[in-house]
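Below is my_file38.cif, holding mmCIF, C-alpha atoms.
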```
data_structure
loop_
_atom_site.label_atom_id
_atom_site.label_comp_id
_atom_site.auth_asym_id
_atom_site.auth_seq_id
_atom_site.Cartn_x
_atom_site.Cartn_y
_atom_site.Cartn_z
CA GLU A 1017 -12.54 153.51 288.23
CA THR A 1018 -8.89 154.41 288.91
CA TYR A 1019 -9.85 156.17 292.12
CA GLU A 1020 -11.72 153.09 293.29
CA GLU A 1021 -8.97 150.66 292.34
CA CYS A 1022 -5.88 152.53 293.51
CA GLY A 1023 -6.73 156.05 294.67
CA ALA A 1024 -5.35 157.66 291.49
CA ILE A 1025 -6.97 160.86 290.23
CA GLY A 1026 -6.20 162.60 286.94
CA SER A 1027 -7.43 163.57 283.49
CA LEU A 1028 -8.20 161.28 280.57
CA GLY A 1029 -5.99 161.49 277.52
CA ARG A 1030 -6.11 159.44 274.33
CA PHE A 1031 -8.69 156.73 273.73
CA LEU A 1032 -6.62 153.62 272.90
CA GLY A 1033 -9.18 151.03 271.87
CA VAL A 1034 -11.78 148.46 272.83
CA PHE A 1035 -10.88 145.01 274.18
CA GLU A 1036 -13.19 142.03 274.48
CA ASP A 1037 -12.84 139.26 277.02
CA LYS A 1038 -15.71 138.36 279.33
CA ASN A 1039 -16.43 142.08 279.45
CA ARG A 1040 -16.10 144.95 276.99
CA THR A 1041 -13.28 147.25 278.12
CA TYR A 1042 -12.61 150.79 276.85
CA LEU A 1043 -8.95 151.70 277.32
CA PHE A 1044 -7.70 155.25 277.84
CA SER A 1045 -4.44 156.84 278.80
CA MET A 1046 -4.61 158.96 281.92
CA ARG A 1047 -2.33 161.61 283.34
CA VAL A 1048 -2.22 161.09 287.10
CA THR A 1049 -2.31 164.37 289.01
CA ARG A 1050 -2.89 163.07 292.54
CA VAL A 1051 -2.62 159.79 294.42
CA GLU A 1052 -4.48 159.48 297.70
CA ASP A 1053 -2.26 158.30 300.57
CA ASP A 1054 0.59 157.98 298.07
CA SER A 1055 3.10 156.80 300.69
CA GLU A 1056 0.99 153.76 301.55
CA GLU A 1057 1.28 150.37 299.84
CA PHE A 1058 -2.41 149.65 300.37
CA TRP A 1059 -5.33 151.79 299.29
CA HIS A 1060 -8.67 151.74 301.07
CA ASP A 1061 -11.61 152.97 299.03
CA PRO A 1062 -14.06 154.35 301.60
CA HIS A 1063 -17.01 153.93 299.21
CA SER A 1064 -16.34 150.33 298.20
CA SER A 1065 -17.68 147.10 299.61
CA TYR A 1066 -15.23 145.00 297.57
CA GLU A 1067 -14.46 141.84 299.56
CA GLY A 1068 -16.03 143.55 302.54
CA SER A 1069 -13.27 146.07 303.16
CA GLY A 1070 -12.33 147.88 299.96
CA VAL A 1071 -8.60 147.43 300.69
CA ARG A 1072 -6.38 146.96 297.63
CA ARG A 1073 -2.66 146.65 297.16
CA ARG A 1074 -1.14 148.98 294.58
CA ARG A 1075 2.18 149.22 292.76
CA TRP A 1076 3.71 151.30 289.97
CA PHE A 1077 5.18 149.38 287.02
CA THR A 1078 7.44 150.17 284.12
CA PRO A 1079 6.13 148.73 280.80
CA ASP A 1080 8.64 145.87 280.93
CA MET A 1081 7.72 145.00 284.50
CA ALA A 1082 4.02 145.19 283.70
CA ARG A 1083 4.22 142.82 280.73
CA SER A 1084 5.49 140.00 282.91
CA VAL A 1085 2.43 140.08 285.17
CA LEU A 1086 -0.37 141.05 282.78
CA LYS A 1087 -2.89 138.38 281.81
CA LYS A 1088 -5.61 137.87 279.18
CA ASP A 1089 -5.93 141.12 277.15
CA GLY A 1090 -3.31 142.87 279.30
CA PRO A 1091 -0.36 142.51 276.88
CA ALA A 1092 -2.49 143.75 273.97
CA MET A 1093 -3.58 146.76 276.05
CA LEU A 1094 0.04 147.50 276.89
CA ASP A 1095 0.99 147.32 273.20
CA ALA A 1096 -1.79 149.79 272.36
CA PHE A 1097 -0.43 152.13 275.03
CA LEU A 1098 3.18 151.86 273.83
CA ALA A 1099 2.21 152.41 270.18
CA VAL A 1100 1.31 156.05 270.92
CA SER A 1101 3.88 158.75 271.65
CA VAL A 1102 3.93 160.38 275.09
CA GLN A 1103 2.71 163.68 273.63
CA GLN A 1104 -0.22 161.99 271.86
CA LEU A 1105 -1.12 160.08 275.02
CA LEU A 1106 -1.87 163.37 276.73
CA GLU A 1107 -4.14 164.62 273.93
CA ARG A 1108 -7.83 164.18 274.63
CA ARG A 1109 -8.84 163.26 271.12
CA ARG A 1110 -9.58 160.27 269.02
CA MET A 1111 -7.33 157.93 267.12
CA SER A 1112 -7.19 158.57 263.38
CA PRO A 1113 -10.02 156.93 261.43
CA ARG A 1114 -9.33 153.54 259.87
CA SER A 1115 -9.90 152.64 256.21
CA HIS A 1116 -12.86 150.55 257.43
CA LEU A 1117 -15.13 152.96 259.26
CA GLN A 1118 -17.09 152.17 262.39
CA VAL A 1119 -20.37 154.07 262.27
CA LEU A 1120 -22.77 154.82 265.12
CA LEU A 1121 -26.27 155.05 263.63
CA LEU A 1122 -29.10 156.40 265.79
CA GLY A 1123 -32.76 157.16 265.27
CA GLY A 1124 -35.05 156.70 262.29
CA GLY A 1125 -37.75 154.19 261.45
CA ASP A 1126 -36.93 150.60 260.63
CA ASP A 1127 -37.00 151.11 256.84
CA LEU A 1128 -34.71 154.14 256.86
CA PHE A 1129 -32.40 152.52 259.43
CA SER A 1130 -32.07 149.41 257.23
CA LEU A 1131 -31.41 151.57 254.16
CA ILE A 1132 -28.62 153.50 255.86
CA GLN A 1133 -27.19 150.35 257.44
CA GLY A 1134 -26.96 148.71 254.03
CA HIS A 1135 -25.41 151.80 252.48
CA CYS A 1136 -22.73 151.93 255.18
CA SER A 1137 -21.82 148.26 254.85
CA GLY A 1138 -19.56 148.85 251.86
CA ARG A 1139 -17.49 151.45 253.71
CA GLY A 1140 -17.57 150.14 257.25
CA GLU A 1141 -19.75 148.57 259.88
CA ILE A 1142 -22.53 149.67 262.19
CA LEU A 1143 -21.42 149.60 265.82
CA PRO A 1144 -23.30 147.23 268.18
CA GLY A 1145 -24.48 150.21 270.23
CA SER A 1146 -26.67 151.25 267.30
CA LEU A 1147 -28.64 148.03 267.52
CA ALA A 1148 -28.58 147.86 271.32
CA ILE A 1149 -30.42 151.18 271.54
CA ARG A 1150 -33.18 149.84 269.25
CA SER A 1151 -33.45 146.30 270.54
CA PHE A 1152 -35.29 146.89 273.82
CA ALA A 1153 -36.73 149.63 275.98
CA GLN A 1154 -34.19 151.32 278.22
CA ALA A 1155 -34.08 154.17 280.67
CA GLU A 1156 -32.59 157.43 279.44
CA ALA A 1157 -29.56 156.92 281.68
CA GLN A 1158 -28.89 153.52 280.10
CA LYS A 1159 -29.22 154.96 276.59
CA PHE A 1160 -26.79 157.74 277.45
CA ALA A 1161 -24.25 155.26 278.84
CA ILE A 1162 -24.40 153.12 275.68
CA ILE A 1163 -24.12 156.12 273.37
CA ALA A 1164 -21.30 157.77 275.32
CA ALA A 1165 -19.27 154.55 275.27
CA ALA A 1166 -19.95 153.92 271.57
CA LEU A 1167 -18.86 157.44 270.60
CA TRP A 1168 -15.33 156.68 271.82
CA GLU A 1169 -14.91 153.97 269.18
CA ALA A 1170 -17.03 155.54 266.42
CA ASP A 1171 -15.34 157.06 263.37
CA ALA A 1172 -18.62 158.72 262.38
CA LEU A 1173 -22.10 159.41 263.75
CA ILE A 1174 -25.22 159.41 261.59
CA CYS A 1175 -28.24 160.61 263.56
CA VAL A 1176 -31.78 160.57 262.11
CA GLY A 1177 -34.06 163.10 263.77
CA ALA A 1178 -33.26 165.94 266.15
CA ASP A 1179 -34.62 164.27 269.30
CA LEU A 1180 -31.10 162.99 270.09
CA SER A 1181 -29.54 166.43 269.79
CA TYR A 1182 -27.45 165.90 272.94
CA THR A 1183 -25.75 162.98 271.16
CA VAL A 1184 -24.94 165.15 268.15
CA ALA A 1185 -23.51 167.86 270.41
CA LEU A 1186 -21.47 165.30 272.36
CA ALA A 1187 -20.05 163.81 269.16
CA ALA A 1188 -19.19 167.20 267.69
CA SER A 1189 -17.43 168.30 270.88
CA ASN A 1190 -15.33 165.13 270.68
CA SER A 1191 -14.34 165.81 267.03
CA CYS A 1192 -16.38 162.87 265.74
CA PRO A 1193 -17.61 163.57 262.17
CA THR A 1194 -21.38 163.93 262.46
CA LEU A 1195 -24.23 163.83 259.94
CA LEU A 1196 -27.66 164.91 261.19
CA LEU A 1197 -30.65 163.94 259.03
CA ALA A 1198 -33.44 166.21 260.25
CA ASP A 1199 -37.03 166.64 259.06
CA THR A 1200 -37.12 170.43 258.64
CA PRO A 1201 -35.05 173.46 259.67
CA GLU A 1202 -37.78 174.26 262.21
CA THR A 1203 -37.10 171.01 264.07
CA MET A 1204 -33.40 171.83 264.52
CA PRO A 1205 -32.57 172.57 268.19
CA MET A 1206 -31.07 175.98 268.89
CA LEU A 1207 -28.06 174.13 270.30
CA LEU A 1208 -27.12 172.86 266.83
CA GLN A 1209 -28.16 175.70 264.55
CA GLY A 1210 -25.11 177.13 262.81
CA ASP A 1211 -22.73 174.53 264.28
CA SER A 1212 -20.14 174.08 261.52
CA ARG A 1213 -18.95 170.81 263.08
CA VAL A 1214 -22.22 169.12 262.15
CA THR A 1215 -23.19 168.24 258.57
CA THR A 1216 -26.95 168.66 258.22
CA HIS A 1217 -29.34 167.31 255.57
CA PHE A 1218 -33.10 167.80 255.61
CA LEU A 1219 -35.28 164.84 254.66
CA ARG A 1220 -37.26 166.57 251.94
CA GLY A 1221 -35.99 164.78 248.84
CA SER A 1222 -35.88 161.21 247.64
CA LEU A 1223 -34.16 158.30 249.32
CA MET A 1224 -31.61 158.47 246.51
CA GLU A 1225 -30.71 161.98 247.66
CA VAL A 1226 -30.28 160.73 251.23
CA GLU A 1227 -28.03 157.92 250.00
CA SER A 1228 -25.97 160.42 248.02
CA ARG A 1229 -25.48 162.66 251.05
CA ILE A 1230 -24.41 159.71 253.22
CA HIS A 1231 -22.08 158.51 250.46
CA ASN A 1232 -20.38 161.92 250.26
CA PHE A 1233 -20.19 162.21 254.05
CA LEU A 1234 -18.45 158.84 254.49
CA ASP A 1235 -16.17 159.32 251.48
CA LYS A 1236 -14.96 162.64 252.92
CA ILE A 1237 -13.98 160.89 256.16
CA LEU A 1238 -12.23 158.06 254.30
CA SER A 1239 -10.28 160.55 252.19
CA THR A 1240 -8.57 161.86 255.33
CA THR A 1241 -6.93 158.47 255.89
CA THR A 1242 -5.29 158.25 252.46
#
```
Entire entry expressed as structure tokens:
Amino acid sequence: ETYEECGAIGSLGRFLGVFEDKNRTYLFSMRVTRVEDDSEEFWHDPHSSYEGSGVRRRRWFTPDMARSVLKKDGPAMLDAFLAVSVQQLLERRRMSPRSHLQVLLLGGGDDLFSLIQGHCSGRGEILPGSLAIRSFAQAEAQKFAIIAAALWEADALICVGADLSYTVALAASNSCPTLLLADTPETMPMLLQGDSRVTTHFLRGSLMEVESRIHNFLDKILSTTT
């Protein structure tokens, strides 16, 4: 996106939040390592058909200068940026969990999904991406895009079944607390076996046992915020 808009290339740092206007925007800090044609006031994206030419004007702003020209959610985005120290901005990790957790819930039949959703309601909320995945048929690429975006704002992932193992691995690599509810040890993908970053529970006992494991999992996350 930054390359398209202004020719800036770099590495993502801290995830700073989600902002809603007409569109849903995920805000990150970014350390710029290269600017294409940096001596030019205008940037031409060779792969864009924006307004027929792909030519955009670009400028660098200090925070004070930027505030005077930002519109809609812009000032709130700037405040989110300024609330984090420079050192933290460069860290590619998540913000600390809130006292009200946002949970990404994936997989499972309708009854089990509803059970877990109800159990989480007292400690947080189920992210919209959880329901979007279930609401209508989507291509794998669309599912991946929804899940990847939701993981940036999730404080925890609860995944029922091992068929979404790539999601569990992605969450674990991003330091997102993850609970995998799998059928049997035999159904566990090799990718996840022995991964200490993932809390695993096998669905052999009663629903009460499942509720207890989820309760302990969420309480452990909440205890890190107090």
Pairwise distance for atom CA of A:Arg1139 and atom CA of A:Ala1185, rounded to one decimal in Å: 24.2 Å
Expansion of the PyMOL selection byres ((chain A and resi 1036-1050) around 8) into residues, as a PyMOL selection string: chain A and resi 1024-1035+1051-1052+1088-1089+1093+1097+1105-1106+1165
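Put simply, atom CA of A:Thr1194 is 27.4 Å away from atom CA of A:Ser1101.
With only C-alpha atoms taken into account, the protein and nucleic acid residues at most 9 Å from A:Ile1237 (excluding it and anything under 5 positions from it in its own chain) are Pro1113, Leu1117, Asp1171, Ala1172, Pro1193 and Asn1232 of chain A.
Nearest to A:Glu1056 of all the residues A:Phe1218, A:Arg1075, A:Leu1173, A:Ala1187 is A:Arg1075, based on only C-alpha atoms.
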Could you give me the axis-aligned bounding box of stretch 1213-1223 of chain A, with 8 Å of padding per side, as centre plus edge lengths in Å to one decimal, as lines of an AutoDock Vina configuration file?
```
center_x = -28.1
center_y = 164.6
center_z = 255.4
size_x = 34.3
size_y = 28.5
size_z = 31.4
```
Polymer residues at most 10 Å from (-32.7, 167.1, 257.3) by all atoms listed in the file, as a PyMOL selection string: chain A and resi 1176-1178+1195-1201+1203-1204+1215-1221+1226
